[in-house]
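Data file: protein.pdb. Format and content: PDB, C-alpha atoms.
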MODEL        1
ATOM      1  CA  MET A 115       0.000   0.000   0.000
ATOM      2  CA  ASP A 116       1.536   3.332  -1.009
ATOM      3  CA  ASN A 117       1.402   6.539   1.021
ATOM      4  CA  HIS A 118      -1.277   7.989  -1.235
ATOM      5  CA  SER A 119      -3.740   5.190  -0.496
ATOM      6  CA  LYS A 120      -3.139   5.609   3.254
ATOM      7  CA  HIS A 121      -4.442   9.178   3.125
ATOM      8  CA  PRO A 122      -7.550   9.688   5.328
ATOM      9  CA  VAL A 123      -9.710  10.543   2.295
ATOM     10  CA  PHE A 124      -9.430   6.888   1.266
ATOM     11  CA  HIS A 125     -10.360   5.543   4.711
ATOM     12  CA  ARG A 126     -13.109   2.933   4.833
ATOM     13  CA  ASN A 127     -15.439   5.329   6.691
ATOM     14  CA  VAL A 128     -15.130   7.875   3.871
ATOM     15  CA  VAL A 129     -15.758   5.280   1.166
ATOM     16  CA  GLU A 130     -18.817   3.985   3.036
ATOM     17  CA  MET A 131     -20.123   7.542   3.494
ATOM     18  CA  LEU A 132     -19.638   8.109  -0.213
ATOM     19  CA  ALA A 133     -21.626   4.965  -1.041
ATOM     20  CA  VAL A 134     -24.570   5.906   1.203
ATOM     21  CA  ALA A 135     -24.547   9.516  -0.052
ATOM     22  CA  PHE A 136     -24.535   8.279  -3.651
ATOM     23  CA  GLU A 137     -27.499   5.969  -3.010
ATOM     24  CA  TYR A 138     -29.461   8.744  -1.288
ATOM     25  CA  CYS A 139     -28.861  11.083  -4.241
ATOM     26  CA  ARG A 140     -29.750   8.424  -6.796
ATOM     27  CA  PHE A 141     -33.030   7.689  -5.017
ATOM     28  CA  MET A 142     -33.937  11.372  -4.674
ATOM     29  CA  GLU A 143     -33.268  11.925  -8.377
ATOM     30  CA  LYS A 144     -35.770   9.203  -9.340
ATOM     31  CA  LEU A 145     -38.911  10.092  -7.390
ATOM     32  CA  GLU A 146     -41.320   9.977 -10.348
ATOM     33  CA  ASN A 147     -43.176   6.852  -9.185
ATOM     34  CA  VAL A 148     -42.546   7.132  -5.449
ATOM     35  CA  ASP A 149     -45.467   7.700  -3.108
ATOM     36  CA  LYS A 150     -45.399   9.011   0.454
ATOM     37  CA  LEU A 151     -45.127   5.610   2.143
ATOM     38  CA  ALA A 152     -42.374   4.385  -0.200
ATOM     39  CA  LEU A 153     -40.462   7.607   0.428
ATOM     40  CA  ALA A 154     -40.859   7.263   4.188
ATOM     41  CA  SER A 155     -39.896   3.575   4.100
ATOM     42  CA  TYR A 156     -36.696   4.303   2.182
ATOM     43  CA  LEU A 157     -35.761   7.269   4.349
ATOM     44  CA  LEU A 158     -36.252   5.300   7.573
ATOM     45  CA  LYS A 159     -33.484   3.029   6.333
ATOM     46  CA  VAL A 160     -31.076   5.482   4.698
ATOM     47  CA  LEU A 161     -31.232   8.457   7.081
ATOM     48  CA  PRO A 162     -29.789   6.510  10.041
ATOM     49  CA  LEU A 163     -26.994   5.262   7.775
ATOM     50  CA  LEU A 164     -26.218   8.790   6.610
ATOM     51  CA  TYR A 165     -26.074   9.974  10.202
ATOM     52  CA  VAL A 166     -23.797   7.175  11.391
ATOM     53  CA  LYS A 167     -21.484   7.514   8.384
ATOM     54  CA  GLY A 168     -21.359  11.287   8.883
ATOM     55  CA  GLU A 169     -20.462  10.801  12.529
ATOM     56  CA  LEU A 170     -17.569   8.536  11.508
ATOM     57  CA  LEU A 171     -16.009  10.882   8.947
ATOM     58  CA  PRO A 172     -12.428  11.751   9.858
ATOM     59  CA  GLU A 173     -11.311  15.293  10.509
ATOM     60  CA  ILE A 174      -9.156  16.321   7.589
ATOM     61  CA  GLU A 175      -6.962  19.348   7.369
ATOM     62  CA  VAL A 176      -7.387  20.771   3.887
ATOM     63  CA  GLU A 177      -4.194  21.818   2.160
ATOM     64  CA  TYR A 178      -5.861  23.725  -0.705
ATOM     65  CA  PRO A 179      -9.218  25.186   0.402
ATOM     66  CA  GLU A 180      -9.605  26.904  -2.967
ATOM     67  CA  ALA A 181     -10.308  23.445  -4.436
ATOM     68  CA  ASN A 182     -13.675  23.366  -2.650
ATOM     69  CA  GLU A 183     -16.677  23.596  -4.978
ATOM     70  CA  ARG A 184     -20.459  23.415  -4.840
ATOM     71  CA  PHE A 185     -22.392  21.872  -7.702
ATOM     72  CA  VAL A 186     -26.128  21.759  -6.961
ATOM     73  CA  ILE A 187     -27.715  24.864  -8.435
ATOM     74  CA  GLU A 188     -30.755  26.650  -7.024
ATOM     75  CA  GLU A 189     -33.100  25.411  -9.752
ATOM     76  CA  GLU A 190     -32.122  21.803  -9.084
ATOM     77  CA  TRP A 191     -32.703  22.272  -5.332
ATOM     78  CA  GLU A 192     -36.078  23.955  -5.939
ATOM     79  CA  GLY A 193     -37.193  21.249  -8.345
ATOM     80  CA  LEU A 194     -36.447  18.518  -5.819
ATOM     81  CA  PHE A 195     -37.996  20.519  -2.969
ATOM     82  CA  ASN A 196     -41.228  21.051  -4.911
ATOM     83  CA  HIS A 197     -41.409  17.410  -5.996
ATOM     84  CA  ILE A 198     -40.968  16.144  -2.422
ATOM     85  CA  ARG A 199     -43.494  18.681  -1.145
ATOM     86  CA  ILE A 200     -46.050  17.338  -3.630
ATOM     87  CA  ILE A 201     -45.372  13.742  -2.539
ATOM     88  CA  LEU A 202     -45.729  14.604   1.152
ATOM     89  CA  GLY A 203     -48.760  16.849   0.753
ATOM     90  CA  THR A 204     -50.119  17.965   4.104
ATOM     91  CA  ASP A 205     -47.476  15.923   5.949
ATOM     92  CA  ASP A 206     -44.638  18.154   4.713
ATOM     93  CA  ILE A 207     -44.835  20.618   7.613
ATOM     94  CA  TYR A 208     -43.908  19.288  11.043
ATOM     95  CA  PHE A 209     -42.719  20.492  14.417
ATOM     96  CA  THR A 210     -39.096  20.222  15.492
ATOM     97  CA  PHE A 211     -36.627  22.030  17.717
ATOM     98  CA  ASP A 212     -33.779  24.283  16.723
ATOM     99  CA  PRO A 213     -31.571  24.389  19.819
ATOM    100  CA  PRO A 214     -28.977  26.881  18.588
ATOM    101  CA  ALA A 215     -31.540  29.456  17.519
ATOM    102  CA  TYR A 216     -34.509  28.894  19.810
ATOM    103  CA  GLY A 217     -33.456  26.884  22.820
ATOM    104  CA  TRP A 218     -34.750  23.443  23.681
ATOM    105  CA  GLY A 219     -38.097  24.720  24.939
ATOM    106  CA  GLU A 220     -39.237  26.255  21.652
ATOM    107  CA  SER A 221     -40.832  24.291  18.843
ATOM    108  CA  LEU A 222     -40.409  25.300  15.247
ATOM    109  CA  LYS A 223     -42.557  24.537  12.215
ATOM    110  CA  THR A 224     -40.406  23.281   9.385
ATOM    111  CA  SER A 225     -40.601  21.436   6.086
ATOM    112  CA  LEU A 226     -39.510  17.871   5.465
ATOM    113  CA  ALA A 227     -39.152  18.707   1.778
ATOM    114  CA  GLU A 228     -36.775  21.541   2.650
ATOM    115  CA  HIS A 229     -34.719  19.317   4.928
ATOM    116  CA  LEU A 230     -34.512  16.502   2.380
ATOM    117  CA  ALA A 231     -33.526  18.900  -0.411
ATOM    118  CA  ASP A 232     -30.859  20.426   1.863
ATOM    119  CA  ILE A 233     -29.498  16.961   2.668
ATOM    120  CA  TYR A 234     -29.522  16.140  -1.040
ATOM    121  CA  GLN A 235     -27.573  19.290  -1.900
ATOM    122  CA  ASP A 236     -24.878  18.533   0.681
ATOM    123  CA  MET A 237     -24.641  14.861  -0.343
ATOM    124  CA  LYS A 238     -24.576  15.586  -4.077
ATOM    125  CA  ASP A 239     -21.898  18.252  -3.645
ATOM    126  CA  PHE A 240     -19.871  15.774  -1.570
ATOM    127  CA  VAL A 241     -20.188  12.970  -4.127
ATOM    128  CA  VAL A 242     -19.380  15.105  -7.162
ATOM    129  CA  LEU A 243     -16.414  16.860  -5.540
ATOM    130  CA  TYR A 244     -15.007  13.588  -4.200
ATOM    131  CA  GLN A 245     -15.167  12.047  -7.671
ATOM    132  CA  LYS A 246     -12.813  14.684  -9.084
ATOM    133  CA  ASN A 247      -9.400  13.326  -9.868
ATOM    134  CA  SER A 248      -7.367  15.297  -7.339
ATOM    135  CA  LEU A 249      -6.398  14.779  -3.739
ATOM    136  CA  ALA A 250      -7.232  18.429  -2.989
ATOM    137  CA  ALA A 251     -10.812  17.925  -4.215
ATOM    138  CA  LYS A 252     -11.214  14.772  -2.118
ATOM    139  CA  GLU A 253      -9.813  16.516   0.976
ATOM    140  CA  ASN A 254     -12.241  19.391   0.515
ATOM    141  CA  ALA A 255     -15.144  17.026  -0.121
ATOM    142  CA  VAL A 256     -14.567  15.108   3.109
ATOM    143  CA  ALA A 257     -13.792  18.171   5.224
ATOM    144  CA  GLU A 258     -16.840  20.059   3.944
ATOM    145  CA  CYS A 259     -19.119  17.028   4.353
ATOM    146  CA  ARG A 260     -17.958  16.656   7.965
ATOM    147  CA  HIS A 261     -18.391  20.374   8.630
ATOM    148  CA  LEU A 262     -21.880  20.349   7.128
ATOM    149  CA  PHE A 263     -22.738  17.186   9.070
ATOM    150  CA  LEU A 264     -22.053  19.050  12.291
ATOM    151  CA  ASN A 265     -23.852  22.247  11.286
ATOM    152  CA  HIS A 266     -26.347  21.569   8.508
ATOM    153  CA  TRP A 267     -27.332  18.154   7.184
ATOM    154  CA  GLY A 268     -26.712  16.146  10.368
ATOM    155  CA  PRO A 269     -29.344  17.978  12.436
ATOM    156  CA  ARG A 270     -31.748  17.795   9.476
ATOM    157  CA  VAL A 271     -31.272  14.031   9.236
ATOM    158  CA  ALA A 272     -31.905  13.587  12.956
ATOM    159  CA  SER A 273     -34.990  15.798  12.954
ATOM    160  CA  SER A 274     -36.473  14.310   9.775
ATOM    161  CA  LEU A 275     -35.995  10.756  10.990
ATOM    162  CA  LEU A 276     -38.362  11.252  13.901
ATOM    163  CA  ALA A 277     -41.004  12.816  11.643
ATOM    164  CA  PHE A 278     -40.748   9.961   9.124
ATOM    165  CA  HIS A 279     -41.020   7.430  11.928
ATOM    166  CA  TYR A 280     -44.421   8.834  12.893
ATOM    167  CA  LEU A 281     -45.482   9.338   9.295
ATOM    168  CA  TYR A 282     -44.659   5.778   8.268
ATOM    169  CA  HIS A 283     -45.935   4.064  11.377
ATOM    170  CA  ASP A 284     -49.091   6.223  11.354
ATOM    171  CA  GLY A 285     -49.109   7.002  15.036
ATOM    172  CA  ASP A 286     -50.875  10.051  16.369
ATOM    173  CA  LYS A 287     -48.489  12.171  14.252
ATOM    174  CA  PRO A 288     -47.830  14.635  17.086
ATOM    175  CA  TYR A 289     -45.048  16.299  15.128
ATOM    176  CA  PHE A 290     -47.060  17.241  12.058
ATOM    177  CA  ALA A 291     -48.647  20.653  11.682
ATOM    178  CA  ASN A 292     -51.859  19.178  10.278
ATOM    179  CA  SER A 293     -52.396  16.955  13.350
ATOM    180  CA  GLY A 294     -54.477  19.587  15.112
ATOM    181  CA  GLN A 295     -51.769  20.363  17.655
TER
ENDMDL
END
Before anything else, please render the file you have as structure tokens.
Amino acid sequence: MDNHSKHPVFHRNVVEMLAVAFEYCRFMEKLENVDKLALASYLLKVLPLLYVKGELLPEIEVEYPEANERFVIEEEWEGLFNHIRIILGTDDIYFTFDPPAYGWGESLKTSLAEHLADIYQDMKDFVVLYQKNSLAAKENAVAECRHLFLNHWGPRVASSLLAFHYLYHDGDKPYFANSGQ
């Protein structure tokens, strides 16, 4: 094994994160014939994997931060957001908490479609940047994915998972805005 292949960007945890992120993106890009229950069923399986793999990403010091790039454009994000919102219908809006902004005692109405589109954007940017043929791109992909896990997509995964649990298992749906709460 050469020194290049021992670099943290090639660690098993990174490769596994890449695989789960790729599968999430592929699924989200093919929602034409997916209904609400199929979406919830898939997400109940993939969201925990994304969270665990994000938690296991190594901290990487980026040598060339200028190699960082974003790829998902606003129109792509909006298209996915609107498609998911249509699939979810009245179950799109749910209650969650935003500890940094509101404190643990405050609930916040939010959108599952928005969270899923945000997660998609971060995963797609990670996958595409990692696939570039340079170590600098891979370093930036992993470092940015880890940073966004801590501050953006990780909390959205955790919050969305609870909502999809209740949506799929058809409990009293106490977290959904249309539940009369």
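The closest residue to Leu230 (chain A), picked from A:Ser274, A:Thr210, A:Asn265, A:Asn254 and counting only C-alpha atoms, is A:Ser274.
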- request: Apply the PyMOL selection byres ((chain A and resi 134) around 12) to the structure shown and report the selected residues as an NGL selection string.
  value: :A and (127-133 or 135-141 or 157 or 159-168 or 234 or 237-238 or 240-241)
message: Between A:Lys252, A:Arg260, A:Arg270, A:Lys150, which residue has the minimum interatomic distance to Pro122 (chain A), considering all atoms listed in the file?
response: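 Of all the options, A:Lys252 lies closest to Pro122 (chain A).
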message: Given only C-alpha atoms as the basis, pick out the residue of A:His229, A:Ala277, A:Glu169, A:Tyr244 nearest to Leu264 (chain A).
response: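 The answer is A:Glu169, which sits nearest to Leu264 (chain A).
What the PyMOL selection byres ((chain A and resi 176) around 9) grabs from this file is Ile174, Glu175, Glu177, Tyr178, Pro179, Ala250, Glu253, Asn254 and Ala257 of chain A.
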task: Find the distance between CA of Tyr282 (chain A) and CA of Ala152 (chain A) and write it in Å to one decimal.
output: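 CA of Ala152 (chain A) lies at a distance of 8.9 Å from CA of Tyr282 (chain A).
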- request: Would you please work out which residue, of A:Pro172, A:Leu281, A:Glu258, A:Asn182, is nearest to Ile207 (chain A) when using all atoms listed in the file?
  value: A:Leu281
- request: Kindly indicate which residue among A:Phe209, A:Asp236, A:Glu190, A:Ala255 lies nearest to Ser221 (chain A), using all atoms listed in the file for the distances.
  value: A:Phe209
task: List the residues selected by the PyMOL selection byres ((chain A and resi 278) around 10) in the file shown, writing them as a PyMOL selection string.
output: chain A and resi 150-151+153-158+161+205+226+273-277+279-284+287+289
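Shortest atom-to-atom contact with Leu243 (chain A) among A:Ala181, A:Leu202, A:Leu262, A:Leu171: A:Ala181, counting all atoms listed in the file.
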task: Work out how far CA of His261 (chain A) is from CA of Glu220 (chain A), in Å to one decimal.
output: 25.3 Å
query: In Å to one decimal, how far is CA of Ala272 (chain A) from CA of Phe124 (chain A)?
result: 26.2 Å
Step by step, gather every atom of region 264-268 of chain A that the file lists, find the box along x, y and z that holds them, add 6 Å on each side, and finally give centre and edge lengths in Å to one decimal, as JSON.
{"center_x": -24.7, "center_y": 19.2, "center_z": 9.7, "size_x": 17.3, "size_y": 18.1, "size_z": 17.1}
